[in-house]
Each structure stands twice: as structure tokens, then as C-alpha cells.
file entry-v8.json (JSON, N, CA and C atoms)
[["chain", "number", "residue", "atom", "x", "y", "z"],
["A", 20, "MET", "N", 146.72, -12.11, 103.97],
["A", 20, "MET", "CA", 146.50, -11.40, 102.71],
["A", 20, "MET", "C", 145.69, -10.13, 102.99],
["A", 21, "VAL", "N", 146.05, -9.06, 102.34],
["A", 21, "VAL", "CA", 145.41, -7.77, 102.53],
["A", 21, "VAL", "C", 144.19, -7.65, 101.61],
["A", 22, "ASP", "N", 143.09, -7.19, 102.16],
["A", 22, "ASP", "CA", 141.87, -6.99, 101.37],
["A", 22, "ASP", "C", 141.95, -5.62, 100.69],
["A", 23, "THR", "N", 142.09, -5.62, 99.38],
["A", 23, "THR", "CA", 142.20, -4.36, 98.63],
["A", 23, "THR", "C", 140.87, -3.95, 97.99],
["A", 24, "THR", "N", 139.78, -4.62, 98.36],
["A", 24, "THR", "CA", 138.48, -4.30, 97.81],
["A", 24, "THR", "C", 138.11, -2.82, 97.99],
["A", 25, "PRO", "N", 138.33, -2.23, 99.17],
["A", 25, "PRO", "CA", 137.97, -0.81, 99.31],
["A", 25, "PRO", "C", 138.70, 0.09, 98.32],
["A", 26, "LEU", "N", 139.97, -0.21, 98.05],
["A", 26, "LEU", "CA", 140.74, 0.58, 97.08],
["A", 26, "LEU", "C", 140.16, 0.39, 95.68],
["A", 27, "THR", "N", 139.90, -0.83, 95.32],
["A", 27, "THR", "CA", 139.33, -1.12, 94.00],
["A", 27, "THR", "C", 138.00, -0.40, 93.81],
["A", 28, "GLN", "N", 137.16, -0.44, 94.82],
["A", 28, "GLN", "CA", 135.86, 0.22, 94.73],
["A", 28, "GLN", "C", 136.00, 1.73, 94.60],
["A", 29, "ALA", "N", 136.87, 2.33, 95.39],
["A", 29, "ALA", "CA", 137.07, 3.79, 95.33],
["A", 29, "ALA", "C", 137.59, 4.22, 93.97],
["A", 30, "VAL", "N", 138.53, 3.47, 93.44],
["A", 30, "VAL", "CA", 139.11, 3.83, 92.14],
["A", 30, "VAL", "C", 138.12, 3.58, 91.01],
["A", 31, "ASP", "N", 137.37, 2.49, 91.09],
["A", 31, "ASP", "CA", 136.33, 2.23, 90.07],
["A", 31, "ASP", "C", 135.33, 3.38, 90.03],
["A", 32, "HIS", "N", 134.93, 3.85, 91.21],
["A", 32, "HIS", "CA", 133.98, 4.96, 91.29],
["A", 32, "HIS", "C", 134.57, 6.23, 90.67],
["A", 33, "PHE", "N", 135.81, 6.54, 91.01],
["A", 33, "PHE", "CA", 136.48, 7.71, 90.47],
["A", 33, "PHE", "C", 136.58, 7.60, 88.95],
["A", 34, "ALA", "N", 137.00, 6.45, 88.46],
["A", 34, "ALA", "CA", 137.13, 6.26, 87.01],
["A", 34, "ALA", "C", 135.78, 6.37, 86.30],
["A", 35, "ASP", "N", 134.75, 5.80, 86.89],
["A", 35, "ASP", "CA", 133.41, 5.91, 86.30],
["A", 35, "ASP", "C", 132.96, 7.36, 86.23],
["A", 36, "ARG", "N", 133.23, 8.11, 87.28],
["A", 36, "ARG", "CA", 132.84, 9.53, 87.30],
["A", 36, "ARG", "C", 133.62, 10.33, 86.26],
["A", 37, "LEU", "N", 134.89, 10.00, 86.09],
["A", 37, "LEU", "CA", 135.70, 10.67, 85.07],
["A", 37, "LEU", "C", 135.16, 10.38, 83.67],
["A", 38, "ARG", "N", 134.81, 9.14, 83.42],
["A", 38, "ARG", "CA", 134.28, 8.77, 82.11],
["A", 38, "ARG", "C", 132.95, 9.45, 81.82],
["A", 39, "ALA", "N", 132.18, 9.72, 82.85],
["A", 39, "ALA", "CA", 130.87, 10.35, 82.67],
["A", 39, "ALA", "C", 130.95, 11.88, 82.66],
["A", 40, "ALA", "N", 132.10, 12.43, 83.03],
["A", 40, "ALA", "CA", 132.24, 13.88, 83.13],
["A", 40, "ALA", "C", 132.26, 14.52, 81.75],
["A", 41, "PRO", "N", 131.67, 15.70, 81.64],
["A", 41, "PRO", "CA", 131.75, 16.41, 80.36],
["A", 41, "PRO", "C", 133.18, 16.86, 80.08],
["A", 42, "GLN", "N", 133.47, 17.03, 78.82],
["A", 42, "GLN", "CA", 134.81, 17.44, 78.41],
["A", 42, "GLN", "C", 135.22, 18.74, 79.10],
["A", 43, "SER", "N", 134.30, 19.66, 79.28],
["A", 43, "SER", "CA", 134.64, 20.93, 79.92],
["A", 43, "SER", "C", 135.15, 20.72, 81.35],
["A", 44, "ARG", "N", 134.56, 19.79, 82.08],
["A", 44, "ARG", "CA", 135.00, 19.50, 83.44],
["A", 44, "ARG", "C", 136.39, 18.87, 83.42],
["A", 45, "LEU", "N", 136.60, 17.97, 82.48],
["A", 45, "LEU", "CA", 137.92, 17.34, 82.36],
["A", 45, "LEU", "C", 138.98, 18.39, 82.06],
["A", 46, "GLN", "N", 138.66, 19.33, 81.17],
["A", 46, "GLN", "CA", 139.62, 20.37, 80.79],
["A", 46, "GLN", "C", 139.92, 21.31, 81.94],
["A", 47, "ARG", "N", 138.91, 21.61, 82.75],
["A", 47, "ARG", "CA", 139.11, 22.57, 83.84],
["A", 47, "ARG", "C", 140.05, 22.05, 84.90],
["A", 48, "SER", "N", 139.81, 20.84, 85.38],
["A", 48, "SER", "CA", 140.68, 20.38, 86.46],
["A", 48, "SER", "C", 140.63, 18.88, 86.70],
["A", 49, "ALA", "N", 139.56, 18.24, 86.32],
["A", 49, "ALA", "CA", 139.38, 16.84, 86.68],
["A", 49, "ALA", "C", 140.47, 15.95, 86.10],
["A", 50, "ALA", "N", 140.82, 16.15, 84.84],
["A", 50, "ALA", "CA", 141.83, 15.30, 84.21],
["A", 50, "ALA", "C", 143.21, 15.51, 84.86],
["A", 51, "ALA", "N", 143.55, 16.74, 85.14],
["A", 51, "ALA", "CA", 144.85, 17.02, 85.77],
["A", 51, "ALA", "C", 144.91, 16.42, 87.17],
["A", 52, "GLU", "N", 143.83, 16.52, 87.90],
["A", 52, "GLU", "CA", 143.78, 15.95, 89.25],
["A", 52, "GLU", "C", 143.90, 14.43, 89.19],
["A", 53, "ALA", "N", 143.20, 13.82, 88.25],
["A", 53, "ALA", "CA", 143.25, 12.36, 88.11],
["A", 53, "ALA", "C", 144.65, 11.90, 87.69],
["A", 54, "LEU", "N", 145.29, 12.62, 86.79],
["A", 54, "LEU", "CA", 146.64, 12.26, 86.37],
["A", 54, "LEU", "C", 147.61, 12.38, 87.55],
["A", 55, "ALA", "N", 147.47, 13.43, 88.33],
["A", 55, "ALA", "CA", 148.33, 13.59, 89.50],
["A", 55, "ALA", "C", 148.13, 12.43, 90.47],
["A", 56, "MET", "N", 146.88, 12.00, 90.66],
["A", 56, "MET", "CA", 146.59, 10.88, 91.55],
["A", 56, "MET", "C", 147.17, 9.59, 90.98],
["A", 57, "ALA", "N", 147.00, 9.36, 89.69],
["A", 57, "ALA", "CA", 147.56, 8.16, 89.06],
["A", 57, "ALA", "C", 149.07, 8.13, 89.22],
["A", 58, "ARG", "N", 149.71, 9.26, 89.04],
["A", 58, "ARG", "CA", 151.17, 9.32, 89.18],
["A", 58, "ARG", "C", 151.59, 9.04, 90.62],
["A", 59, "GLU", "N", 150.84, 9.57, 91.57],
["A", 59, "GLU", "CA", 151.16, 9.34, 92.98],
["A", 59, "GLU", "C", 151.01, 7.86, 93.34],
["A", 60, "LEU", "N", 149.91, 7.25, 92.91],
["A", 60, "LEU", "CA", 149.70, 5.83, 93.18],
["A", 60, "LEU", "C", 150.78, 4.98, 92.51],
["A", 61, "SER", "N", 151.15, 5.36, 91.30],
["A", 61, "SER", "CA", 152.19, 4.64, 90.57],
["A", 61, "SER", "C", 153.54, 4.73, 91.29],
["A", 62, "ARG", "N", 153.90, 5.93, 91.75],
["A", 62, "ARG", "CA", 155.17, 6.10, 92.48],
["A", 62, "ARG", "C", 155.17, 5.25, 93.75],
["A", 63, "TRP", "N", 154.03, 5.24, 94.45],
["A", 63, "TRP", "CA", 153.91, 4.48, 95.68],
["A", 63, "TRP", "C", 154.09, 2.99, 95.40],
["A", 64, "ALA", "N", 153.42, 2.48, 94.38],
["A", 64, "ALA", "CA", 153.55, 1.07, 94.02],
["A", 64, "ALA", "C", 154.99, 0.73, 93.66],
["A", 65, "GLN", "N", 155.62, 1.59, 92.90],
["A", 65, "GLN", "CA", 157.01, 1.34, 92.50],
["A", 65, "GLN", "C", 157.93, 1.32, 93.73],
["A", 66, "ALA", "N", 157.68, 2.22, 94.67],
["A", 66, "ALA", "CA", 158.51, 2.27, 95.88],
["A", 66, "ALA", "C", 158.36, 0.98, 96.70],
["A", 67, "LEU", "N", 157.16, 0.42, 96.72],
["A", 67, "LEU", "CA", 156.95, -0.83, 97.45],
["A", 67, "LEU", "C", 157.56, -2.02, 96.71],
["A", 68, "GLU", "N", 157.44, -2.00, 95.39],
["A", 68, "GLU", "CA", 157.92, -3.13, 94.60],
["A", 68, "GLU", "C", 159.42, -3.10, 94.35],
["A", 69, "GLU", "N", 159.98, -1.90, 94.22],
["A", 69, "GLU", "CA", 161.41, -1.75, 93.90],
["A", 69, "GLU", "C", 162.05, -0.70, 94.82],
["A", 70, "PRO", "N", 162.15, -1.01, 96.11],
["A", 70, "PRO", "CA", 162.71, -0.01, 97.05],
["A", 70, "PRO", "C", 164.11, 0.44, 96.61],
["A", 71, "GLY", "N", 164.32, 1.72, 96.72],
["A", 71, "GLY", "CA", 165.64, 2.26, 96.39],
["A", 71, "GLY", "C", 165.84, 2.62, 94.93],
["A", 72, "SER", "N", 164.94, 2.18, 94.07],
["A", 72, "SER", "CA", 165.10, 2.53, 92.65],
["A", 72, "SER", "C", 164.37, 3.84, 92.36],
["A", 73, "GLU", "N", 164.80, 4.51, 91.34],
["A", 73, "GLU", "CA", 164.17, 5.77, 90.95],
["A", 73, "GLU", "C", 162.84, 5.47, 90.25],
["A", 74, "PRO", "N", 161.74, 6.06, 90.72],
["A", 74, "PRO", "CA", 160.45, 5.78, 90.09],
["A", 74, "PRO", "C", 160.34, 6.39, 88.69],
["A", 75, "ARG", "N", 159.64, 5.67, 87.84],
["A", 75, "ARG", "CA", 159.34, 6.16, 86.50],
["A", 75, "ARG", "C", 158.03, 6.94, 86.56],
["A", 76, "GLU", "N", 157.93, 8.03, 85.83],
["A", 76, "GLU", "CA", 156.71, 8.84, 85.86],
["A", 76, "GLU", "C", 155.73, 8.37, 84.80],
["A", 77, "MET", "N", 154.49, 8.23, 85.23],
["A", 77, "MET", "CA", 153.44, 7.86, 84.29],
["A", 77, "MET", "C", 153.26, 9.01, 83.30],
["A", 78, "PRO", "N", 153.24, 8.72, 82.01],
["A", 78, "PRO", "CA", 153.12, 9.80, 81.03],
["A", 78, "PRO", "C", 151.71, 10.38, 80.99],
["A", 79, "ASP", "N", 151.61, 11.56, 80.46],
["A", 79, "ASP", "CA", 150.31, 12.19, 80.24],
["A", 79, "ASP", "C", 149.78, 11.67, 78.90],
["A", 80, "ALA", "N", 148.77, 10.82, 78.96],
["A", 80, "ALA", "CA", 148.20, 10.21, 77.75],
["A", 80, "ALA", "C", 146.96, 10.96, 77.28],
["A", 81, "GLY", "N", 146.67, 12.10, 77.89],
["A", 81, "GLY", "CA", 145.53, 12.89, 77.48],
["A", 81, "GLY", "C", 144.34, 12.75, 78.41],
["A", 82, "MET", "N", 143.47, 13.74, 78.35],
["A", 82, "MET", "CA", 142.37, 13.79, 79.31],
["A", 82, "MET", "C", 141.38, 12.64, 79.18],
["A", 83, "PHE", "N", 141.29, 12.03, 78.02],
["A", 83, "PHE", "CA", 140.35, 10.94, 77.85],
["A", 83, "PHE", "C", 140.92, 9.60, 78.30],
["A", 84, "ALA", "N", 142.19, 9.58, 78.67],
["A", 84, "ALA", "CA", 142.83, 8.34, 79.12],
["A", 84, "ALA", "C", 143.03, 8.28, 80.63],
["A", 85, "VAL", "N", 142.75, 9.38, 81.33],
["A", 85, "VAL", "CA", 143.08, 9.41, 82.76],
["A", 85, "VAL", "C", 142.30, 8.39, 83.58],
["A", 86, "ALA", "N", 141.09, 8.07, 83.19],
["A", 86, "ALA", "CA", 140.33, 7.06, 83.94],
["A", 86, "ALA", "C", 141.05, 5.73, 83.89],
["A", 87, "ASP", "N", 141.55, 5.37, 82.71],
["A", 87, "ASP", "CA", 142.29, 4.12, 82.58],
["A", 87, "ASP", "C", 143.62, 4.19, 83.32],
["A", 88, "GLN", "N", 144.26, 5.34, 83.28],
["A", 88, "GLN", "CA", 145.55, 5.47, 83.96],
["A", 88, "GLN", "C", 145.41, 5.32, 85.47],
["A", 89, "ILE", "N", 144.35, 5.88, 86.03],
["A", 89, "ILE", "CA", 144.17, 5.75, 87.47],
["A", 89, "ILE", "C", 143.83, 4.31, 87.84],
["A", 90, "LEU", "N", 143.11, 3.61, 86.98],
["A", 90, "LEU", "CA", 142.81, 2.20, 87.23],
["A", 90, "LEU", "C", 144.08, 1.35, 87.20],
["A", 91, "VAL", "N", 144.93, 1.58, 86.23],
["A", 91, "VAL", "CA", 146.18, 0.82, 86.12],
["A", 91, "VAL", "C", 147.07, 1.08, 87.34],
["A", 92, "ALA", "N", 147.21, 2.33, 87.71],
["A", 92, "ALA", "CA", 148.07, 2.68, 88.85],
["A", 92, "ALA", "C", 147.53, 2.06, 90.14],
["A", 93, "ALA", "N", 146.22, 2.11, 90.33],
["A", 93, "ALA", "CA", 145.63, 1.54, 91.54],
["A", 93, "ALA", "C", 145.76, 0.02, 91.56],
["A", 94, "HIS", "N", 145.63, -0.60, 90.40],
["A", 94, "HIS", "CA", 145.81, -2.05, 90.33],
["A", 94, "HIS", "C", 147.23, -2.41, 90.73],
["A", 95, "ASP", "N", 148.20, -1.69, 90.21],
["A", 95, "ASP", "CA", 149.60, -1.95, 90.57],
["A", 95, "ASP", "C", 149.81, -1.78, 92.08],
["A", 96, "LEU", "N", 149.21, -0.75, 92.65],
["A", 96, "LEU", "CA", 149.35, -0.52, 94.08],
["A", 96, "LEU", "C", 148.65, -1.62, 94.87],
["A", 97, "ALA", "N", 147.48, -2.04, 94.43],
["A", 97, "ALA", "CA", 146.74, -3.10, 95.13],
["A", 97, "ALA", "C", 147.56, -4.38, 95.22],
["A", 98, "VAL", "N", 148.35, -4.65, 94.20],
["A", 98, "VAL", "CA", 149.20, -5.85, 94.20],
["A", 98, "VAL", "C", 150.36, -5.68, 95.18],
["A", 99, "ALA", "N", 150.80, -4.45, 95.38],
["A", 99, "ALA", "CA", 152.01, -4.19, 96.17],
["A", 99, "ALA", "C", 151.76, -3.89, 97.65],
["A", 100, "VAL", "N", 150.57, -3.43, 98.02],
["A", 100, "VAL", "CA", 150.34, -3.03, 99.41],
["A", 100, "VAL", "C", 150.52, -4.22, 100.34],
["A", 101, "ARG", "N", 150.94, -3.89, 101.57],
["A", 101, "ARG", "CA", 151.26, -4.94, 102.53],
["A", 101, "ARG", "C", 150.42, -4.87, 103.80],
["A", 102, "SER", "N", 149.56, -3.86, 103.91],
["A", 102, "SER", "CA", 148.78, -3.74, 105.15],
["A", 102, "SER", "C", 147.44, -3.07, 104.88],
["A", 103, "ASP", "N", 146.53, -3.32, 105.81],
["A", 103, "ASP", "CA", 145.22, -2.67, 105.73],
["A", 103, "ASP", "C", 145.36, -1.15, 105.88],
["A", 104, "GLU", "N", 146.36, -0.71, 106.63],
["A", 104, "GLU", "CA", 146.59, 0.72, 106.80],
["A", 104, "GLU", "C", 146.98, 1.38, 105.48],
["A", 105, "GLN", "N", 147.79, 0.70, 104.69],
["A", 105, "GLN", "CA", 148.17, 1.23, 103.38],
["A", 105, "GLN", "C", 146.95, 1.31, 102.46],
["A", 106, "VAL", "N", 146.09, 0.31, 102.53],
["A", 106, "VAL", "CA", 144.86, 0.34, 101.73],
["A", 106, "VAL", "C", 144.00, 1.52, 102.15],
["A", 107, "ALA", "N", 143.83, 1.70, 103.45],
["A", 107, "ALA", "CA", 143.02, 2.80, 103.96],
["A", 107, "ALA", "C", 143.59, 4.16, 103.53],
["A", 108, "GLU", "N", 144.90, 4.30, 103.57],
["A", 108, "GLU", "CA", 145.54, 5.55, 103.15],
["A", 108, "GLU", "C", 145.32, 5.79, 101.66],
["A", 109, "ALA", "N", 145.45, 4.74, 100.86],
["A", 109, "ALA", "CA", 145.23, 4.88, 99.41],
["A", 109, "ALA", "C", 143.79, 5.27, 99.13],
["A", 110, "VAL", "N", 142.84, 4.68, 99.82],
["A", 110, "VAL", "CA", 141.43, 5.02, 99.64],
["A", 110, "VAL", "C", 141.21, 6.49, 99.99],
["A", 111, "ARG", "N", 141.78, 6.93, 101.09],
["A", 111, "ARG", "CA", 141.64, 8.33, 101.49],
["A", 111, "ARG", "C", 142.19, 9.26, 100.42],
["A", 112, "LEU", "N", 143.36, 8.95, 99.89],
["A", 112, "LEU", "CA", 143.96, 9.78, 98.85],
["A", 112, "LEU", "C", 143.09, 9.82, 97.58],
["A", 113, "VAL", "N", 142.56, 8.68, 97.19],
["A", 113, "VAL", "CA", 141.71, 8.62, 96.00],
["A", 113, "VAL", "C", 140.44, 9.43, 96.21],
["A", 114, "GLU", "N", 139.82, 9.29, 97.37],
["A", 114, "GLU", "CA", 138.58, 10.04, 97.65],
["A", 114, "GLU", "C", 138.84, 11.55, 97.67],
["A", 115, "GLU", "N", 139.95, 11.97, 98.25],
["A", 115, "GLU", "CA", 140.29, 13.39, 98.26],
["A", 115, "GLU", "C", 140.53, 13.91, 96.85],
["A", 116, "ALA", "N", 141.21, 13.12, 96.03],
["A", 116, "ALA", "CA", 141.47, 13.53, 94.64],
["A", 116, "ALA", "C", 140.16, 13.62, 93.86],
["A", 117, "ARG", "N", 139.25, 12.67, 94.09],
["A", 117, "ARG", "CA", 137.96, 12.71, 93.39],
["A", 117, "ARG", "C", 137.20, 13.98, 93.77],
["A", 118, "GLN", "N", 137.22, 14.33, 95.02],
["A", 118, "GLN", "CA", 136.54, 15.54, 95.47],
["A", 118, "GLN", "C", 137.18, 16.79, 94.86],
["A", 119, "ARG", "N", 138.50, 16.85, 94.85],
["A", 119, "ARG", "CA", 139.19, 18.00, 94.25],
["A", 119, "ARG", "C", 138.89, 18.09, 92.75],
["A", 120, "ALA", "N", 138.74, 16.93, 92.12],
["A", 120, "ALA", "CA", 138.45, 16.90, 90.68],
["A", 120, "ALA", "C", 137.01, 17.33, 90.38],
["A", 121, "GLY", "N", 136.17, 17.30, 91.40],
["A", 121, "GLY", "CA", 134.80, 17.73, 91.22],
["A", 121, "GLY", "C", 133.93, 16.74, 90.47],
["A", 122, "VAL", "N", 134.27, 15.47, 90.58],
["A", 122, "VAL", "CA", 133.46, 14.44, 89.90],
["A", 122, "VAL", "C", 132.93, 13.44, 90.91]]

call {"tool": "encode", "arguments": {"input": "entry-v8.json", "output": "C-alpha cells"}}
result
Amino acid sequence: MVDTTPLTQAVDHFADRLRAAPQSRLQRSAAAEALAMARELSRWAQALEEPGSEPREMPDAGMFAVADQILVAAHDLAVAVRSDEQVAEAVRLVEEARQRAGV
């Protein structure tokens, strides 16, 4: 069984920072960066769960929902990952997105 704790912790931290961010930061770039990350994680999970099928795109539910969207996408990916390397790659992507978002 793959330990997805590092992914869960990284995403929880990102989501907490998004929730604490001022609206101006969310409007500037943080929300868009978080949505892009949620969509990427979602596509990855779908590719693992349903190889060969066309991925569905996570909708834009607004800047105040992106923290929840990234949590849902990461949870889906955590269920689908098959190796510690995939977990490490997901953590790296989440950390990079958090840095780009400035939160």
C-alpha cells in the first residue's frame, strides 16, 4: 500500500493558505493557480483510474471554492496513485503551485 500522507499534508497546507489569503491575493493569481493545480491533479487521477478515456475538466467554481477543489482532486489522486514516486511527484507539483500562487 502506498503512503499518501505527504500528499495529503501538502494539499492541506495549500488549502489552508488559500483560505487564509486575502481576496486581493486570490484575485491576482492564487485562485487561478490553485484551479490549474486542481485540474491537473484531477486529470492525473482520471488517467490512472480510467486509462484511455477522455478526462473531464474540473469546472471553475469561483475563487472562494478553489481550496475545496484542490482537496477533492488530491483526494481522488491519493486513492489512485500506485507508487511512492507518484506521491513524491504530486507533492512536488503541489508545492510548486503553492509557491507560484504566493500563499

call {"tool": "atom_distance", "arguments": {"input": "entry-v8.json", "atom1": "atom C of Asp35 of chain A", "atom2": "atom CA of Arg111 of chain A"}}
result
17.6 Å

call {"tool": "residues_around", "arguments": {"input": "entry-v8.json", "residues": "Thr23 of chain A", "least_positions_apart": "6", "cutoff": "8 Å", "atoms": "all atoms listed in the file", "output": "CSV table (one decimal) with N, CA and C atoms, keeping the file's coordinate frame"}}
result
chain,number,residue,atom,x,y,z
A,29,ALA,N,136.9,2.3,95.4
A,29,ALA,CA,137.1,3.8,95.3
A,29,ALA,C,137.6,4.2,94.0
A,96,LEU,N,149.2,-0.8,92.6
A,96,LEU,CA,149.4,-0.5,94.1
A,96,LEU,C,148.6,-1.6,94.9
A,97,ALA,N,147.5,-2.0,94.4
A,97,ALA,CA,146.7,-3.1,95.1
A,97,ALA,C,147.6,-4.4,95.2
A,98,VAL,N,148.4,-4.6,94.2
A,98,VAL,CA,149.2,-5.8,94.2
A,98,VAL,C,150.4,-5.7,95.2
A,103,ASP,N,146.5,-3.3,105.8
A,103,ASP,CA,145.2,-2.7,105.7
A,103,ASP,C,145.4,-1.2,105.9
A,106,VAL,N,146.1,0.3,102.5
A,106,VAL,CA,144.9,0.3,101.7
A,106,VAL,C,144.0,1.5,102.2
A,107,ALA,N,143.8,1.7,103.4
A,107,ALA,CA,143.0,2.8,104.0
A,107,ALA,C,143.6,4.2,103.5

call {"tool": "atom_distance", "arguments": {"input": "entry-v8.json", "atom1": "atom CA of Gln28 of chain A", "atom2": "atom CA of Arg117 of chain A"}}
result
12.7 Å

call {"tool": "axis_aligned_box", "arguments": {"input": "entry-v8.json", "around": "segment 85-99 of chain A", "padding_each_side": "3 Å", "output": "JSON"}}
result
{"center_x": 146.2, "center_y": 1.8, "center_z": 89.5, "size_x": 17.7, "size_y": 21.3, "size_z": 22.3}

call {"tool": "closest_residue", "arguments": {"input": "entry-v8.json", "among": "A:Ala120, A:Gln105, A:Asp95, A:Val21", "to": "Gln65 of chain A", "atoms": "only N, CA and C atoms"}}
result
A:Asp95

call {"tool": "residues_around", "arguments": {"input": "entry-v8.json", "residues": "Phe33 of chain A", "least_positions_apart": "3", "cutoff": "8 Å", "atoms": "all atoms listed in the file", "output": "list of chain:residue names"}}
result
A:Thr27, A:Gln28, A:Ala29, A:Val30, A:Arg36, A:Leu37, A:Arg38, A:Ala39, A:Val85, A:Ala86, A:Ile89, A:Leu90, A:Val113, A:Glu114, A:Ala116, A:Arg117, A:Val122

call {"tool": "atom_distance", "arguments": {"input": "entry-v8.json", "atom1": "atom CA of Glu76 of chain A", "atom2": "atom CA of Gln46 of chain A"}}
result
21.2 Å

call {"tool": "select_by_dssp", "arguments": {"input": "entry-v8.json", "residues": "chain A", "states": "helix (DSSP H, G or I)", "output": "PyMOL selection string"}}
result
chain A and resi 24-39+42-68+85-99+103-120

call {"tool": "closest_residue", "arguments": {"input": "entry-v8.json", "among": "A:Glu69, A:Trp63, A:Ala50, A:Val110", "to": "Pro25 of chain A", "atoms": "all atoms listed in the file"}}
result
A:Val110

call {"tool": "closest_residue", "arguments": {"input": "entry-v8.json", "among": "A:Ala93, A:Arg119, A:Leu54, A:Arg62", "to": "Ala80 of chain A", "atoms": "only N, CA and C atoms"}}
result
A:Leu54

call {"tool": "closest_residue", "arguments": {"input": "entry-v8.json", "among": "A:Ser72, A:Leu112, A:Ala99, A:Gly121", "to": "Met20 of chain A", "atoms": "only C-alpha atoms"}}
result
A:Ala99

call {"tool": "closest_residue", "arguments": {"input": "entry-v8.json", "among": "A:Asp22, A:Gln88, A:Ala40, A:Phe83", "to": "Arg101 of chain A", "atoms": "all atoms listed in the file"}}
result
A:Asp22

call {"tool": "closest_residue", "arguments": {"input": "entry-v8.json", "among": "A:Val100, A:Ala109, A:Gln118, A:Glu52", "to": "Glu68 of chain A", "atoms": "only N, CA and C atoms"}}
result
A:Val100

call {"tool": "decode", "arguments": {"input": "entry-v8.json", "residues": "segment 34-55 of chain A", "atoms": "N, CA and C atoms", "output": "short mmCIF file (atom, residue, chain, number, x, y, z; two decimals), in the first residue's frame"}}
result
data_model
loop_
_atom_site.label_atom_id
_atom_site.label_comp_id
_atom_site.auth_asym_id
_atom_site.auth_seq_id
_atom_site.Cartn_x
_atom_site.Cartn_y
_atom_site.Cartn_z
N ALA A 34 -4.37 24.34 0.84
CA ALA A 34 -5.77 24.74 1.02
C ALA A 34 -5.93 25.69 2.20
N ASP A 35 -5.24 25.42 3.29
CA ASP A 35 -5.31 26.31 4.46
C ASP A 35 -4.79 27.70 4.11
N ARG A 36 -3.71 27.75 3.35
CA ARG A 36 -3.14 29.05 2.95
C ARG A 36 -4.09 29.80 2.02
N LEU A 37 -4.75 29.07 1.14
CA LEU A 37 -5.73 29.70 0.24
C LEU A 37 -6.89 30.28 1.03
N ARG A 38 -7.37 29.54 2.00
CA ARG A 38 -8.49 30.01 2.82
C ARG A 38 -8.12 31.24 3.64
N ALA A 39 -6.86 31.34 4.02
CA ALA A 39 -6.41 32.47 4.82
C ALA A 39 -5.98 33.68 3.98
N ALA A 40 -5.86 33.48 2.67
CA ALA A 40 -5.38 34.55 1.79
C ALA A 40 -6.44 35.64 1.64
N PRO A 41 -5.99 36.88 1.55
CA PRO A 41 -6.95 37.96 1.29
C PRO A 41 -7.53 37.84 -0.12
N GLN A 42 -8.71 38.39 -0.28
CA GLN A 42 -9.38 38.32 -1.57
C GLN A 42 -8.51 38.90 -2.68
N SER A 43 -7.77 39.95 -2.39
CA SER A 43 -6.93 40.57 -3.42
C SER A 43 -5.87 39.59 -3.93
N ARG A 44 -5.31 38.78 -3.05
CA ARG A 44 -4.31 37.79 -3.47
C ARG A 44 -4.97 36.71 -4.31
N LEU A 45 -6.15 36.29 -3.90
CA LEU A 45 -6.88 35.28 -4.68
C LEU A 45 -7.17 35.81 -6.09
N GLN A 46 -7.59 37.07 -6.18
CA GLN A 46 -7.92 37.66 -7.47
C GLN A 46 -6.71 37.82 -8.36
N ARG A 47 -5.57 38.14 -7.77
CA ARG A 47 -4.36 38.38 -8.57
C ARG A 47 -3.87 37.11 -9.25
N SER A 48 -3.72 36.04 -8.49
CA SER A 48 -3.18 34.85 -9.14
C SER A 48 -3.39 33.56 -8.36
N ALA A 49 -3.58 33.65 -7.08
CA ALA A 49 -3.62 32.45 -6.26
C ALA A 49 -4.76 31.52 -6.65
N ALA A 50 -5.94 32.06 -6.88
CA ALA A 50 -7.09 31.22 -7.22
C ALA A 50 -6.89 30.54 -8.57
N ALA A 51 -6.38 31.27 -9.54
CA ALA A 51 -6.15 30.69 -10.87
C ALA A 51 -5.10 29.59 -10.80
N GLU A 52 -4.06 29.82 -10.03
CA GLU A 52 -3.00 28.81 -9.88
C GLU A 52 -3.55 27.56 -9.19
N ALA A 53 -4.35 27.76 -8.16
CA ALA A 53 -4.93 26.63 -7.44
C ALA A 53 -5.89 25.84 -8.33
N LEU A 54 -6.70 26.54 -9.12
CA LEU A 54 -7.62 25.85 -10.03
C LEU A 54 -6.84 25.05 -11.07
N ALA A 55 -5.78 25.63 -11.59
CA ALA A 55 -4.95 24.90 -12.56
C ALA A 55 -4.37 23.64 -11.93
#
